[in-house]
file final-v1.cif (mmCIF, C-alpha atoms)
data_run
loop_
_atom_site.label_atom_id
_atom_site.label_comp_id
_atom_site.auth_asym_id
_atom_site.auth_seq_id
_atom_site.Cartn_x
_atom_site.Cartn_y
_atom_site.Cartn_z
CA MET A 1422 -96.29 -5.13 82.85
CA LYS A 1423 -93.89 -7.13 84.95
CA LYS A 1424 -94.50 -10.21 82.74
CA ARG A 1425 -93.91 -8.10 79.60
CA TYR A 1426 -90.53 -6.95 80.91
CA ILE A 1427 -89.62 -10.52 81.77
CA LEU A 1428 -90.59 -11.75 78.25
CA ALA A 1429 -88.61 -8.90 76.64
CA ALA A 1430 -85.58 -9.75 78.72
CA ILE A 1431 -85.80 -13.42 77.73
CA LEU A 1432 -86.16 -12.44 74.03
CA VAL A 1433 -83.08 -10.21 74.14
CA ALA A 1434 -81.10 -12.99 75.82
CA LEU A 1435 -82.11 -15.45 73.13
CA LEU A 1436 -81.08 -13.01 70.34
CA VAL A 1437 -77.68 -12.36 71.88
CA SER A 1438 -77.18 -16.08 72.36
CA GLY A 1439 -78.01 -16.72 68.62
CA CYS A 1440 -75.56 -14.07 67.40
CA GLY A 1441 -72.81 -15.65 69.42
CA GLN A 1442 -73.49 -19.06 67.90
CA ASN A 1443 -73.42 -17.64 64.37
CA ASN A 1444 -70.06 -15.92 64.91
CA LYS A 1445 -68.58 -19.09 66.34
CA SER A 1446 -69.78 -21.21 63.45
CA ALA A 1447 -68.44 -18.63 60.98
CA LYS A 1448 -65.00 -18.81 62.58
CA VAL A 1449 -65.11 -22.58 62.48
CA SER A 1450 -66.16 -22.49 58.85
CA ALA A 1451 -63.35 -20.08 57.95
CA SER A 1452 -60.87 -22.21 59.80
CA SER A 1453 -61.97 -25.37 58.06
CA SER A 1454 -61.72 -23.79 54.56
CA THR A 1455 -57.98 -22.92 54.92
CA THR A 1456 -55.75 -25.23 52.69
CA LYS A 1457 -52.67 -26.62 54.32
CA LYS A 1458 -49.40 -26.48 52.19
CA VAL A 1459 -47.96 -29.89 51.40
CA VAL A 1460 -44.14 -29.93 51.29
CA LYS A 1461 -42.91 -32.32 48.60
CA LYS A 1462 -39.75 -34.20 49.23
CA LYS A 1463 -36.97 -33.46 46.70
CA THR A 1464 -36.05 -36.43 44.57
CA THR A 1465 -32.79 -36.69 42.63
CA LYS A 1466 -33.03 -38.18 39.16
CA LYS A 1467 -30.58 -40.88 38.40
CA GLN A 1468 -28.32 -39.86 35.51
CA LYS A 1469 -28.80 -41.95 32.40
CA TYR A 1470 -25.66 -43.11 30.63
CA ASN A 1471 -25.29 -44.13 27.04
CA PRO A 1472 -24.98 -47.92 27.27
CA LYS A 1473 -22.39 -47.87 24.47
CA VAL A 1474 -20.25 -45.37 26.36
CA GLY A 1475 -20.94 -45.98 30.02
CA LYS A 1476 -20.07 -43.64 32.86
CA VAL A 1477 -17.21 -41.18 32.41
CA ILE A 1478 -14.51 -41.93 34.97
CA SER A 1479 -11.97 -39.27 33.95
CA SER A 1480 -10.88 -37.02 31.08
CA THR A 1481 -7.57 -35.50 30.04
CA LYS A 1482 -6.74 -32.64 27.68
CA GLY A 1483 -4.95 -33.53 24.45
CA ASP A 1484 -1.97 -31.92 22.69
CA LEU A 1485 -3.30 -30.48 19.44
CA ASP A 1486 0.15 -30.14 17.91
CA GLY A 1487 1.44 -33.44 19.28
CA ALA A 1488 0.20 -36.81 18.10
CA THR A 1489 -1.81 -36.73 14.88
CA PHE A 1490 -4.05 -39.38 13.33
CA LYS A 1491 -5.97 -40.43 10.25
CA PHE A 1492 -9.50 -41.87 10.32
CA THR A 1493 -9.08 -45.38 8.94
CA ASN A 1494 -12.24 -47.24 9.95
CA LYS A 1495 -14.14 -47.36 6.65
CA LYS A 1496 -17.39 -48.15 8.47
CA GLY A 1497 -16.77 -45.73 11.35
CA LYS A 1498 -18.66 -42.54 12.15
CA PHE A 1499 -17.96 -39.28 13.93
CA TYR A 1500 -20.59 -38.55 16.61
CA ARG A 1501 -21.58 -35.13 17.89
CA THR A 1502 -21.64 -36.03 21.61
CA LEU A 1503 -20.77 -38.92 23.90
CA GLN A 1504 -24.41 -39.15 24.92
CA GLY A 1505 -25.35 -39.56 21.25
CA TYR A 1506 -22.52 -41.93 20.39
CA GLY A 1507 -23.80 -44.77 18.22
CA LYS A 1508 -27.05 -42.96 17.37
CA LYS A 1509 -27.84 -42.09 13.77
CA SER A 1510 -29.19 -38.68 14.78
CA SER A 1511 -25.80 -37.77 16.29
CA ILE A 1512 -23.60 -38.57 13.28
CA VAL A 1513 -21.41 -35.61 12.27
CA SER A 1514 -19.31 -37.21 9.55
CA ASP A 1515 -17.98 -40.51 8.22
CA TYR A 1516 -14.95 -42.13 6.58
CA PRO A 1517 -15.56 -41.02 2.95
CA THR A 1518 -15.91 -37.41 4.08
CA ASP A 1519 -12.89 -37.18 6.39
CA LYS A 1520 -10.56 -39.95 5.30
CA HIS A 1521 -8.00 -37.34 4.17
CA SER A 1522 -8.32 -35.12 7.24
CA THR A 1523 -5.51 -34.81 9.77
CA LEU A 1524 -6.85 -35.28 13.29
CA ALA A 1525 -5.68 -34.35 16.76
CA ILE A 1526 -7.19 -35.11 20.17
CA PHE A 1527 -9.09 -32.38 21.99
CA ARG A 1528 -9.75 -34.59 25.00
CA THR A 1529 -9.51 -38.25 25.99
CA TYR A 1530 -12.39 -39.76 27.97
CA LYS A 1531 -11.98 -42.86 30.11
CA THR A 1532 -15.34 -44.55 30.72
CA THR A 1533 -16.65 -47.77 32.13
CA LYS A 1534 -16.93 -49.02 28.54
CA GLY A 1535 -13.42 -48.01 27.43
CA ILE A 1536 -11.60 -45.02 25.88
CA PHE A 1537 -13.19 -42.39 23.63
CA TYR A 1538 -11.58 -39.44 21.81
CA HIS A 1539 -13.02 -36.01 21.08
CA VAL A 1540 -11.03 -35.10 17.97
CA MET A 1541 -10.17 -31.92 16.12
CA ILE A 1542 -9.71 -31.59 12.35
CA TYR A 1543 -6.55 -29.71 11.35
CA GLN A 1544 -7.36 -26.41 9.63
CA ASP A 1545 -5.57 -24.60 6.80
CA ASP A 1546 -6.65 -20.94 7.11
CA LYS A 1547 -4.37 -19.65 4.32
CA PHE A 1548 -4.57 -15.83 4.31
CA LEU A 1549 -7.04 -15.68 7.21
CA ASN A 1550 -4.27 -15.45 9.77
CA THR A 1551 -6.54 -14.09 12.52
CA ILE A 1552 -9.80 -15.56 13.79
CA SER A 1553 -12.22 -12.68 14.12
CA LYS A 1554 -15.22 -12.88 16.43
CA ASP A 1555 -17.61 -13.40 13.54
CA ARG A 1556 -15.48 -16.34 12.30
CA MET A 1557 -15.02 -18.04 15.65
CA ALA A 1558 -18.25 -20.06 15.45
CA GLU A 1559 -17.41 -21.13 11.89
CA TYR A 1560 -13.88 -22.15 12.87
CA LYS A 1561 -15.10 -24.20 15.83
CA TRP A 1562 -17.73 -25.89 13.66
CA TYR A 1563 -15.23 -26.97 10.99
CA SER A 1564 -12.51 -28.00 13.43
CA ASN A 1565 -14.82 -30.07 15.68
CA GLY A 1566 -14.44 -33.60 14.36
CA GLY A 1567 -16.66 -35.31 16.92
CA TYR A 1568 -16.25 -38.43 19.10
CA VAL A 1569 -14.60 -41.67 17.98
CA LYS A 1570 -12.99 -44.77 19.40
CA PRO A 1571 -9.20 -45.24 19.34
CA SER A 1572 -9.69 -48.24 17.07
CA ASP A 1573 -11.09 -45.91 14.40
CA LEU A 1574 -7.78 -44.03 14.12
CA THR A 1575 -4.26 -44.75 12.90
CA ARG A 1576 -1.17 -42.76 13.94
CA PHE A 1577 -0.02 -40.30 11.29
CA TYR A 1578 3.23 -38.30 10.99
CA PRO A 1579 2.88 -35.15 8.85
CA VAL A 1580 6.60 -34.35 9.16
CA LYS A 1581 8.94 -37.06 7.92
CA GLN A 1582 12.26 -35.44 8.81
CA GLN A 1583 13.67 -32.10 10.02
CA TRP A 1584 17.20 -30.74 10.43
CA GLN A 1585 19.10 -27.50 11.16
CA LEU A 1586 20.81 -25.33 8.52
CA ASN A 1587 23.65 -22.87 8.99
CA ASN A 1588 22.15 -19.68 7.51
CA VAL A 1589 22.09 -20.90 3.90
CA PRO A 1590 21.58 -17.80 1.68
CA TYR A 1591 18.51 -17.47 -0.55
CA TYR A 1592 16.70 -14.71 -2.42
CA VAL A 1593 13.22 -14.38 -3.93
CA ALA A 1594 12.69 -15.33 -7.56
CA ASN A 1595 8.90 -15.58 -7.81
CA PRO A 1596 7.12 -13.66 -5.01
CA TRP A 1597 3.60 -14.93 -5.70
CA GLN A 1598 4.29 -18.65 -6.13
CA HIS A 1599 4.46 -19.30 -2.36
CA SER A 1600 3.99 -17.35 0.87
CA VAL A 1601 5.50 -17.56 4.36
CA TRP A 1602 3.61 -19.75 6.87
CA ASN A 1603 3.57 -20.12 10.65
CA ALA A 1604 4.24 -23.84 10.01
CA PRO A 1605 4.38 -26.07 6.92
CA VAL A 1606 0.81 -26.45 5.70
CA MET A 1607 -1.28 -28.88 7.78
CA THR A 1608 1.57 -29.81 10.15
CA LYS A 1609 0.01 -27.86 13.04
CA HIS A 1610 -3.62 -27.79 14.19
CA ARG A 1611 -3.96 -24.40 12.49
CA THR A 1612 -1.65 -23.16 9.71
CA TYR A 1613 -1.85 -19.75 8.02
CA VAL A 1614 0.17 -17.17 6.08
CA THR A 1615 2.27 -14.86 8.24
CA HIS A 1616 4.14 -12.96 5.50
CA VAL A 1617 4.05 -12.52 1.74
CA LEU A 1618 7.21 -12.20 -0.34
CA ASP A 1619 6.06 -9.08 -2.24
CA ARG A 1620 8.33 -6.72 -0.28
CA TYR A 1621 11.28 -9.11 0.06
CA THR A 1622 12.35 -9.15 -3.60
CA LYS A 1623 15.51 -7.10 -2.79
CA THR A 1624 16.25 -8.78 0.56
CA GLN A 1625 18.89 -11.33 1.40
CA LEU A 1626 17.23 -14.29 3.10
CA TYR A 1627 18.74 -17.08 5.19
CA ALA A 1628 17.48 -20.62 5.78
CA THR A 1629 18.01 -21.93 9.31
CA LYS A 1630 15.90 -25.13 9.18
CA GLU A 1631 14.60 -27.55 6.59
CA LEU A 1632 12.01 -30.30 6.79
CA VAL A 1633 10.34 -32.86 4.58
CA LYS A 1634 6.62 -33.53 4.85
CA HIS A 1635 5.07 -36.99 4.52
CA ASN A 1636 4.38 -36.28 0.84
CA GLY A 1637 8.01 -35.40 0.08
CA VAL A 1638 7.55 -31.61 -0.12
CA HIS A 1639 10.46 -29.63 1.36
CA TYR A 1640 10.04 -26.48 3.47
CA LEU A 1641 12.65 -23.93 4.58
CA TYR A 1642 12.51 -21.76 7.68
CA LEU A 1643 13.62 -18.30 6.52
CA ARG A 1644 14.83 -15.20 8.25
CA THR A 1645 16.33 -11.87 7.23
CA ALA A 1646 19.31 -10.28 8.92
CA ASP A 1647 16.91 -8.69 11.42
CA GLU A 1648 13.84 -10.89 11.84
CA ASN A 1649 12.50 -14.42 11.68
CA LEU A 1650 9.90 -14.91 8.94
CA GLY A 1651 8.60 -18.48 8.91
CA TRP A 1652 8.27 -21.51 6.66
CA VAL A 1653 8.30 -21.33 2.85
CA CYS A 1654 7.83 -24.18 0.43
CA LYS A 1655 11.19 -24.87 -1.20
CA GLY A 1656 10.91 -24.65 -4.97
CA LYS A 1657 13.06 -23.66 -7.93
CA ARG A 1658 10.52 -21.13 -9.14
CA ASN A 1659 10.07 -19.14 -5.95
CA LEU A 1660 13.54 -19.19 -4.34
CA VAL A 1661 17.11 -19.14 -5.61
CA GLN A 1662 19.94 -20.40 -3.41
CA GLY A 1663 22.78 -17.91 -3.26
CA THR A 1664 23.69 -14.33 -2.47
CA TYR A 1665 21.29 -11.67 -3.71
CA THR A 1666 22.66 -9.67 -6.65
CA ASP A 1667 21.12 -6.45 -7.86
CA PRO A 1668 19.48 -7.27 -11.24
CA GLY A 1669 20.55 -3.96 -12.75
CA ALA A 1670 24.21 -4.62 -12.04
CA GLN A 1671 23.89 -8.27 -13.08
CA LEU A 1672 21.95 -7.93 -16.35
CA LEU A 1673 22.75 -4.41 -17.58
CA ASN A 1674 26.43 -4.57 -16.56
CA PRO A 1675 27.10 -0.81 -16.78
CA GLN A 1676 30.58 0.10 -18.01
CA SER A 1677 32.92 2.68 -16.47
CA THR A 1678 31.83 5.30 -19.03
CA GLU A 1679 28.15 4.62 -18.38
CA LYS A 1680 25.86 5.73 -15.58
CA MET A 1681 23.00 3.67 -14.14
CA THR A 1682 20.11 5.08 -12.12
CA GLU A 1683 17.23 3.30 -10.38
CA GLN A 1684 13.61 4.31 -9.80
CA GLU A 1685 11.20 2.47 -7.49
CA GLN A 1686 7.43 2.44 -7.20
CA SER A 1687 6.11 4.00 -3.99
CA THR A 1688 4.34 1.83 -1.44
CA LYS A 1689 1.25 4.02 -1.76
CA SER A 1690 1.14 3.43 -5.51
CA THR A 1691 1.01 -0.34 -5.06
CA GLY A 1692 -2.21 -0.04 -3.05
CA ASN A 1693 -0.73 -2.10 -0.18
CA ARG A 1694 -3.01 -5.03 -0.93
CA VAL A 1695 -2.19 -8.72 -0.86
CA GLY A 1696 -3.50 -10.97 -3.59
CA VAL A 1697 -4.00 -14.71 -3.34
CA ASN A 1698 -2.70 -15.32 -6.87
CA ASP A 1699 -0.45 -12.30 -7.47
CA SER A 1700 2.21 -10.23 -5.74
CA LEU A 1701 0.15 -7.04 -5.92
CA SER A 1702 2.27 -5.21 -3.33
CA THR A 1703 5.58 -5.73 -5.13
CA GLN A 1704 7.28 -2.40 -5.75
CA GLN A 1705 8.18 -2.28 -9.44
CA ARG A 1706 11.55 -0.83 -10.42
CA LEU A 1707 13.26 0.66 -13.43
CA TYR A 1708 17.01 0.80 -14.12
CA VAL A 1709 18.23 3.27 -16.74
CA VAL A 1710 21.73 3.15 -18.24
CA ARG A 1711 23.05 6.21 -20.10
CA ASN A 1712 26.22 6.52 -22.12
CA ALA A 1713 28.80 9.25 -21.81
CA GLN A 1714 26.66 11.52 -24.02
CA GLY A 1715 23.64 11.08 -21.72
CA GLN A 1716 21.69 8.94 -24.19
CA ILE A 1717 19.60 6.01 -22.86
CA VAL A 1718 21.17 2.80 -24.14
CA ARG A 1719 19.59 0.15 -21.93
CA LEU A 1720 16.51 -0.18 -19.72
CA LEU A 1721 15.63 -2.89 -17.23
CA ALA A 1722 12.18 -3.11 -15.66
CA MET A 1723 11.42 -5.31 -12.66
CA THR A 1724 7.74 -6.12 -13.06
CA MET A 1725 4.99 -6.87 -10.55
CA ASP A 1726 5.87 -10.58 -10.56
CA ASN A 1727 9.62 -9.78 -10.29
CA ARG A 1728 10.56 -10.87 -13.81
CA PRO A 1729 13.10 -8.59 -15.56
CA VAL A 1730 12.33 -7.03 -18.92
CA GLN A 1731 15.27 -5.46 -20.78
CA ILE A 1732 15.17 -3.04 -23.71
CA ASN A 1733 18.31 -2.11 -25.66
CA LEU A 1734 18.27 1.18 -27.60
CA GLN A 1735 20.37 2.99 -30.18
CA ASN A 1736 19.82 6.71 -30.79
CA GLY A 1737 16.50 6.45 -28.94
CA LYS A 1738 15.25 3.54 -31.04
CA PRO A 1739 14.61 0.09 -29.51
CA THR A 1740 16.81 -2.61 -31.05
CA GLN A 1741 16.14 -5.58 -28.79
CA LEU A 1742 13.58 -6.72 -26.21
CA ILE A 1743 14.52 -9.43 -23.70
CA ASN A 1744 12.04 -11.08 -21.34
CA TYR A 1745 13.77 -12.97 -18.53
CA SER A 1746 12.58 -15.88 -16.40
CA TYR A 1747 12.22 -15.69 -12.61
CA GLN A 1748 15.75 -17.08 -12.33
CA ARG A 1749 17.00 -14.24 -14.59
CA ASN A 1750 17.67 -16.47 -17.58
CA ILE A 1751 16.71 -15.28 -21.07
CA TRP A 1752 13.17 -16.45 -21.82
CA LYS A 1753 12.14 -14.46 -24.90
CA SER A 1754 14.34 -12.34 -27.17
CA VAL A 1755 12.81 -10.10 -29.83
CA THR A 1756 14.69 -8.17 -32.54
CA SER A 1757 11.87 -7.86 -35.10
CA GLN A 1758 11.59 -4.18 -36.04
CA LYS A 1759 7.87 -4.59 -36.61
CA LYS A 1760 7.27 -5.85 -33.11
CA LEU A 1761 9.67 -3.31 -31.63
CA ALA A 1762 7.63 -0.58 -33.27
CA THR A 1763 4.27 -1.84 -32.03
CA HIS A 1764 3.95 -4.35 -29.16
CA TYR A 1765 4.93 -7.80 -27.99
CA LEU A 1766 3.09 -10.14 -25.58
CA ALA A 1767 5.25 -12.58 -23.64
CA ARG A 1768 3.21 -15.48 -22.31
CA HIS A 1769 3.48 -19.19 -21.60
CA GLU A 1770 1.34 -21.58 -23.57
CA TYR A 1771 0.91 -24.23 -20.90
CA ILE A 1772 2.13 -22.69 -17.62
CA GLU A 1773 -0.14 -20.53 -15.51
CA THR A 1774 1.85 -17.36 -15.02
CA PRO A 1775 1.22 -13.62 -15.57
CA GLN A 1776 1.56 -12.23 -19.09
CA VAL A 1777 3.84 -9.28 -19.84
CA GLU A 1778 3.00 -6.93 -22.73
CA THR A 1779 5.51 -4.37 -23.98
CA THR A 1780 4.09 -1.53 -26.05
CA PHE A 1781 6.35 0.80 -28.07
CA TYR A 1782 5.31 4.34 -29.00
CA PRO A 1783 6.23 6.35 -32.13
CA LYS A 1784 8.89 9.06 -31.91
CA SER A 1785 6.19 11.71 -32.19
CA GLN A 1786 5.10 10.91 -28.60
CA ASN A 1787 6.83 11.70 -25.34
CA LYS A 1788 6.20 8.12 -24.23
CA LEU A 1789 8.90 5.66 -25.13
CA VAL A 1790 7.53 2.34 -23.93
CA LYS A 1791 4.98 0.80 -21.56
CA ILE A 1792 5.50 -2.54 -19.83
CA LYS A 1793 2.32 -4.05 -18.38
CA THR A 1794 1.93 -7.22 -16.32
CA TYR A 1795 -1.45 -8.97 -16.41
CA GLY A 1796 -2.03 -11.14 -13.36
CA TYR A 1797 -5.04 -13.03 -12.02
CA ASP A 1798 -5.94 -10.63 -9.20
CA GLY A 1799 -4.71 -7.41 -10.75
CA ALA A 1800 -2.32 -5.72 -13.14
CA ALA A 1801 0.60 -3.31 -12.95
CA SER A 1802 2.40 -1.11 -15.45
CA ILE A 1803 5.57 0.93 -15.94
CA THR A 1804 5.27 3.78 -18.42
CA ILE A 1805 8.65 5.19 -19.45
CA GLN A 1806 9.06 8.63 -20.98
CA ARG A 1807 11.79 9.41 -23.52
CA ASP A 1808 13.76 11.21 -20.85
CA GLY A 1809 13.86 7.98 -18.80
CA VAL A 1810 11.35 9.03 -16.14
CA ALA A 1811 9.01 6.21 -15.13
CA LYS A 1812 5.41 6.27 -13.97
CA PHE A 1813 4.32 3.23 -11.96
CA ASN A 1814 0.76 2.00 -11.56
CA SER A 1815 -0.89 -1.00 -9.86
CA TYR A 1816 -4.55 -1.86 -9.53
CA VAL A 1817 -6.78 -4.71 -8.42
CA TYR A 1818 -9.47 -6.16 -10.65
CA LYS A 1819 -13.07 -5.67 -9.57
CA LYS A 1820 -14.70 -8.27 -7.30
CA VAL A 1821 -11.35 -9.87 -6.43
CA LEU A 1822 -10.66 -10.88 -2.84
CA THR A 1823 -7.57 -9.16 -1.43
CA TYR A 1824 -6.21 -8.43 2.06
CA PRO A 1825 -4.40 -5.49 3.68
CA LEU A 1826 -0.62 -5.82 3.53
CA SER A 1827 -0.49 -4.66 7.16
CA HIS A 1828 -1.83 -8.10 8.19
CA TYR A 1829 1.38 -9.70 6.86
#
call {"tool": "encode", "arguments": {"input": "final-v1.cif", "output": "structure tokens"}}
result
Amino acid sequence: MKKRYILAAILVALLVSGCGQNNKSAKVSASSSTTKKVVKKKTTKKQKYNPKVGKVISSTKGDLDGATFKFTNKKGKFYRTLQGYGKKSSIVSDYPTDKHSTLAIFRTYKTTKGIFYHVMIYQDDKFLNTISKDRMAEYKWYSNGGYVKPSDLTRFYPVKQQWQLNNVPYYVANPWQHSVWNAPVMTKHRTYVTHVLDRYTKTQLYATKELVKHNGVHYLYLRTADENLGWVCKGKRNLVQGTYTDPGAQLLNPQSTEKMTEQEQSTKSTGNRVGVNDSLSTQQRLYVVRNAQGQIVRLLAMTMDNRPVQINLQNGKPTQLINYSYQRNIWKSVTSQKKLATHYLARHEYIETPQVETTFYPKSQNKLVKIKTYGYDGAASITIQRDGVAKFNSYVYKKVLTYPLSHY
């Protein structure tokens, strides 16, 4: 029995000893299987420079409305970036495409290889006088000329000469021929229409400055008695130098025994829209002269394009129709009784200008005459009753681009 106890004790000791060895080896095994994290040393990549450009040393912002240039290197290219300068894949434009563009400098870059310009192309936004958010990307795309060398450019002067004027008086002859601009077209990095002349046909204007562009075109800086307007192309068809005279008093010349009245189209009736090719927002007018007996003897209509149309009457019957030019000179004179009983269309054969049709009605109708102006963007009419009351109407043709007058 004693030997059995001794053997049992030895066996238990051996078992306990084996379990201890297994646990130790397991710990060692677990310890050896753990992966140590390797910390990599940060390496800075050396920046690669375009060998044709080199390293940029400094850059300065340009004056977009200061020095201007023309692209004169016939073999030159505009490149999208400095990094892509000289690469075919980076070409934005070339000489044939932008040889007529006016360029300004966004920024000048001084590099180890020389000077490079990031240029802007001057933009003429016409009636788009504000850059909306949805147009911003488009504007930046068109105005971004790319990168060029100074040797690719030649200095250009869009304004040849400018001088001051002492409030020289002018008034509007043709309101649709030219508009008012923030600067003479393409003389600033962005030029656009600030006003239209539709509502200035009865206003005395004053010129305070005049300039001549490189192409010989003259511009006047105009103002009213109360506000500055802007630059208008100086032309015989759109402006007349002198003091504004009321067309009714000038052309109808009412006598002391006669009475003249004036009617004007409401702003609401015009539609308050601005046309690119017509003065759609011009308020038409009608002057009526009556004799001592109250009979209508003369009518004068100021049409949508501000040309006067005169009708002389005797005992309610039209005897003469006179269509005037924009300068208020007689253009067409009609005395044919056949035409004065039906209609007459006044139009130019070779000059692009609105047509004016005068339609006469028989005595059996309350209508006396209708004067209608056909433009390119719209039309307008003045319907005159036999009692001299006028009805004005203006409308825009379908699918024609127009703008709110409130923008101008």
call {"tool": "resolve_selection", "arguments": {"input": "final-v1.cif", "expression": "the PyMOL selection byres ((chain A and resi 1659) around 9)", "output": "JSON, numbers by chain"}}
result
{"A": [1592, 1593, 1594, 1595, 1596, 1597, 1598, 1599, 1654, 1655, 1656, 1657, 1658, 1660, 1661, 1747, 1748]}
call {"tool": "closest_residue", "arguments": {"input": "final-v1.cif", "among": "A:Ile1803, A:Val1477, A:Leu1766, A:Ala1628", "to": "Leu1742 in chain A", "atoms": "all atoms listed in the file"}}
result
A:Leu1766
call {"tool": "residues_around", "arguments": {"input": "final-v1.cif", "residues": "range 1571-1583 of chain A", "least_positions_apart": "3", "cutoff": "10 Å", "atoms": "only C-alpha atoms", "output": "ChimeraX atom specification"}}
result
/A:1487-1499,1516,1523-1525,1529,1535-1538,1568,1586,1605-1609,1630-1641
call {"tool": "write_last_selection", "arguments": {"input": "final-v1.cif", "atoms": "C-alpha atoms", "output": "PDB file, keeping the file's coordinate frame"}}
result
ATOM      1  CA  GLY A1487       1.440 -33.440  19.280  1.00  0.00           C
ATOM      2  CA  ALA A1488       0.200 -36.810  18.100  1.00  0.00           C
ATOM      3  CA  THR A1489      -1.810 -36.730  14.880  1.00  0.00           C
ATOM      4  CA  PHE A1490      -4.050 -39.380  13.330  1.00  0.00           C
ATOM      5  CA  LYS A1491      -5.970 -40.430  10.250  1.00  0.00           C
ATOM      6  CA  PHE A1492      -9.500 -41.870  10.320  1.00  0.00           C
ATOM      7  CA  THR A1493      -9.080 -45.380   8.940  1.00  0.00           C
ATOM      8  CA  ASN A1494     -12.240 -47.240   9.950  1.00  0.00           C
ATOM      9  CA  LYS A1495     -14.140 -47.360   6.650  1.00  0.00           C
ATOM     10  CA  LYS A1496     -17.390 -48.150   8.470  1.00  0.00           C
ATOM     11  CA  GLY A1497     -16.770 -45.730  11.350  1.00  0.00           C
ATOM     12  CA  LYS A1498     -18.660 -42.540  12.150  1.00  0.00           C
ATOM     13  CA  PHE A1499     -17.960 -39.280  13.930  1.00  0.00           C
ATOM     14  CA  TYR A1516     -14.950 -42.130   6.580  1.00  0.00           C
ATOM     15  CA  THR A1523      -5.510 -34.810   9.770  1.00  0.00           C
ATOM     16  CA  LEU A1524      -6.850 -35.280  13.290  1.00  0.00           C
ATOM     17  CA  ALA A1525      -5.680 -34.350  16.760  1.00  0.00           C
ATOM     18  CA  THR A1529      -9.510 -38.250  25.990  1.00  0.00           C
ATOM     19  CA  GLY A1535     -13.420 -48.010  27.430  1.00  0.00           C
ATOM     20  CA  ILE A1536     -11.600 -45.020  25.880  1.00  0.00           C
ATOM     21  CA  PHE A1537     -13.190 -42.390  23.630  1.00  0.00           C
ATOM     22  CA  TYR A1538     -11.580 -39.440  21.810  1.00  0.00           C
ATOM     23  CA  TYR A1568     -16.250 -38.430  19.100  1.00  0.00           C
ATOM     24  CA  LEU A1586      20.810 -25.330   8.520  1.00  0.00           C
ATOM     25  CA  PRO A1605       4.380 -26.070   6.920  1.00  0.00           C
ATOM     26  CA  VAL A1606       0.810 -26.450   5.700  1.00  0.00           C
ATOM     27  CA  MET A1607      -1.280 -28.880   7.780  1.00  0.00           C
ATOM     28  CA  THR A1608       1.570 -29.810  10.150  1.00  0.00           C
ATOM     29  CA  LYS A1609       0.010 -27.860  13.040  1.00  0.00           C
ATOM     30  CA  LYS A1630      15.900 -25.130   9.180  1.00  0.00           C
ATOM     31  CA  GLU A1631      14.600 -27.550   6.590  1.00  0.00           C
ATOM     32  CA  LEU A1632      12.010 -30.300   6.790  1.00  0.00           C
ATOM     33  CA  VAL A1633      10.340 -32.860   4.580  1.00  0.00           C
ATOM     34  CA  LYS A1634       6.620 -33.530   4.850  1.00  0.00           C
ATOM     35  CA  HIS A1635       5.070 -36.990   4.520  1.00  0.00           C
ATOM     36  CA  ASN A1636       4.380 -36.280   0.840  1.00  0.00           C
ATOM     37  CA  GLY A1637       8.010 -35.400   0.080  1.00  0.00           C
ATOM     38  CA  VAL A1638       7.550 -31.610  -0.120  1.00  0.00           C
ATOM     39  CA  HIS A1639      10.460 -29.630   1.360  1.00  0.00           C
ATOM     40  CA  TYR A1640      10.040 -26.480   3.470  1.00  0.00           C
ATOM     41  CA  LEU A1641      12.650 -23.930   4.580  1.00  0.00           C
TER      42      LEU A1641
END
call {"tool": "closest_residue", "arguments": {"input": "final-v1.cif", "among": "A:Thr1780, A:Met1681, A:Asn1787, A:Tyr1795", "to": "Lys1759 in chain A", "atoms": "all atoms listed in the file"}}
result
A:Thr1780
call {"tool": "resolve_selection", "arguments": {"input": "final-v1.cif", "expression": "the PyMOL selection byres ((chain A and resi 1719) around 10)", "output": "PyMOL selection string"}}
result
chain A and resi 1673-1675+1681+1708-1712+1716-1718+1720-1721+1731-1735+1737+1739-1741
call {"tool": "atom_distance", "arguments": {"input": "final-v1.cif", "atom1": "CA of Tyr1824 in chain A", "atom2": "CA of Thr1691 in chain A"}}
result
13.0 Å
call {"tool": "decode", "arguments": {"input": "final-v1.cif", "residues": "range 1744-1748 of chain A", "atoms": "N, CA, C and O atoms", "output": "PDB file, in the first residue's frame"}}
result
ATOM      1  N   ASN A1744     -43.672 110.861 -94.044  1.00  0.00           N
ATOM      2  CA  ASN A1744     -42.780 110.046 -93.211  1.00  0.00           C
ATOM      3  C   ASN A1744     -41.448 110.779 -93.096  1.00  0.00           C
ATOM      4  O   ASN A1744     -40.832 111.120 -94.113  1.00  0.00           O
ATOM      5  N   TYR A1745     -41.011 111.002 -91.852  1.00  0.00           N
ATOM      6  CA  TYR A1745     -39.770 111.720 -91.602  1.00  0.00           C
ATOM      7  C   TYR A1745     -38.622 110.747 -91.319  1.00  0.00           C
ATOM      8  O   TYR A1745     -38.833 109.596 -90.931  1.00  0.00           O
ATOM      9  N   SER A1746     -37.410 111.248 -91.479  1.00  0.00           N
ATOM     10  CA  SER A1746     -36.216 110.486 -91.113  1.00  0.00           C
ATOM     11  C   SER A1746     -35.987 110.640 -89.615  1.00  0.00           C
ATOM     12  O   SER A1746     -36.692 111.378 -88.921  1.00  0.00           O
ATOM     13  N   TYR A1747     -34.940 109.959 -89.103  1.00  0.00           N
ATOM     14  CA  TYR A1747     -34.604 110.065 -87.686  1.00  0.00           C
ATOM     15  C   TYR A1747     -34.162 111.478 -87.313  1.00  0.00           C
ATOM     16  O   TYR A1747     -34.322 111.911 -86.175  1.00  0.00           O
ATOM     17  N   GLN A1748     -33.647 112.213 -88.284  1.00  0.00           N
ATOM     18  CA  GLN A1748     -33.211 113.591 -88.040  1.00  0.00           C
ATOM     19  C   GLN A1748     -34.330 114.591 -88.294  1.00  0.00           C
ATOM     20  O   GLN A1748     -34.117 115.799 -88.329  1.00  0.00           O
TER      21      GLN A1748
END
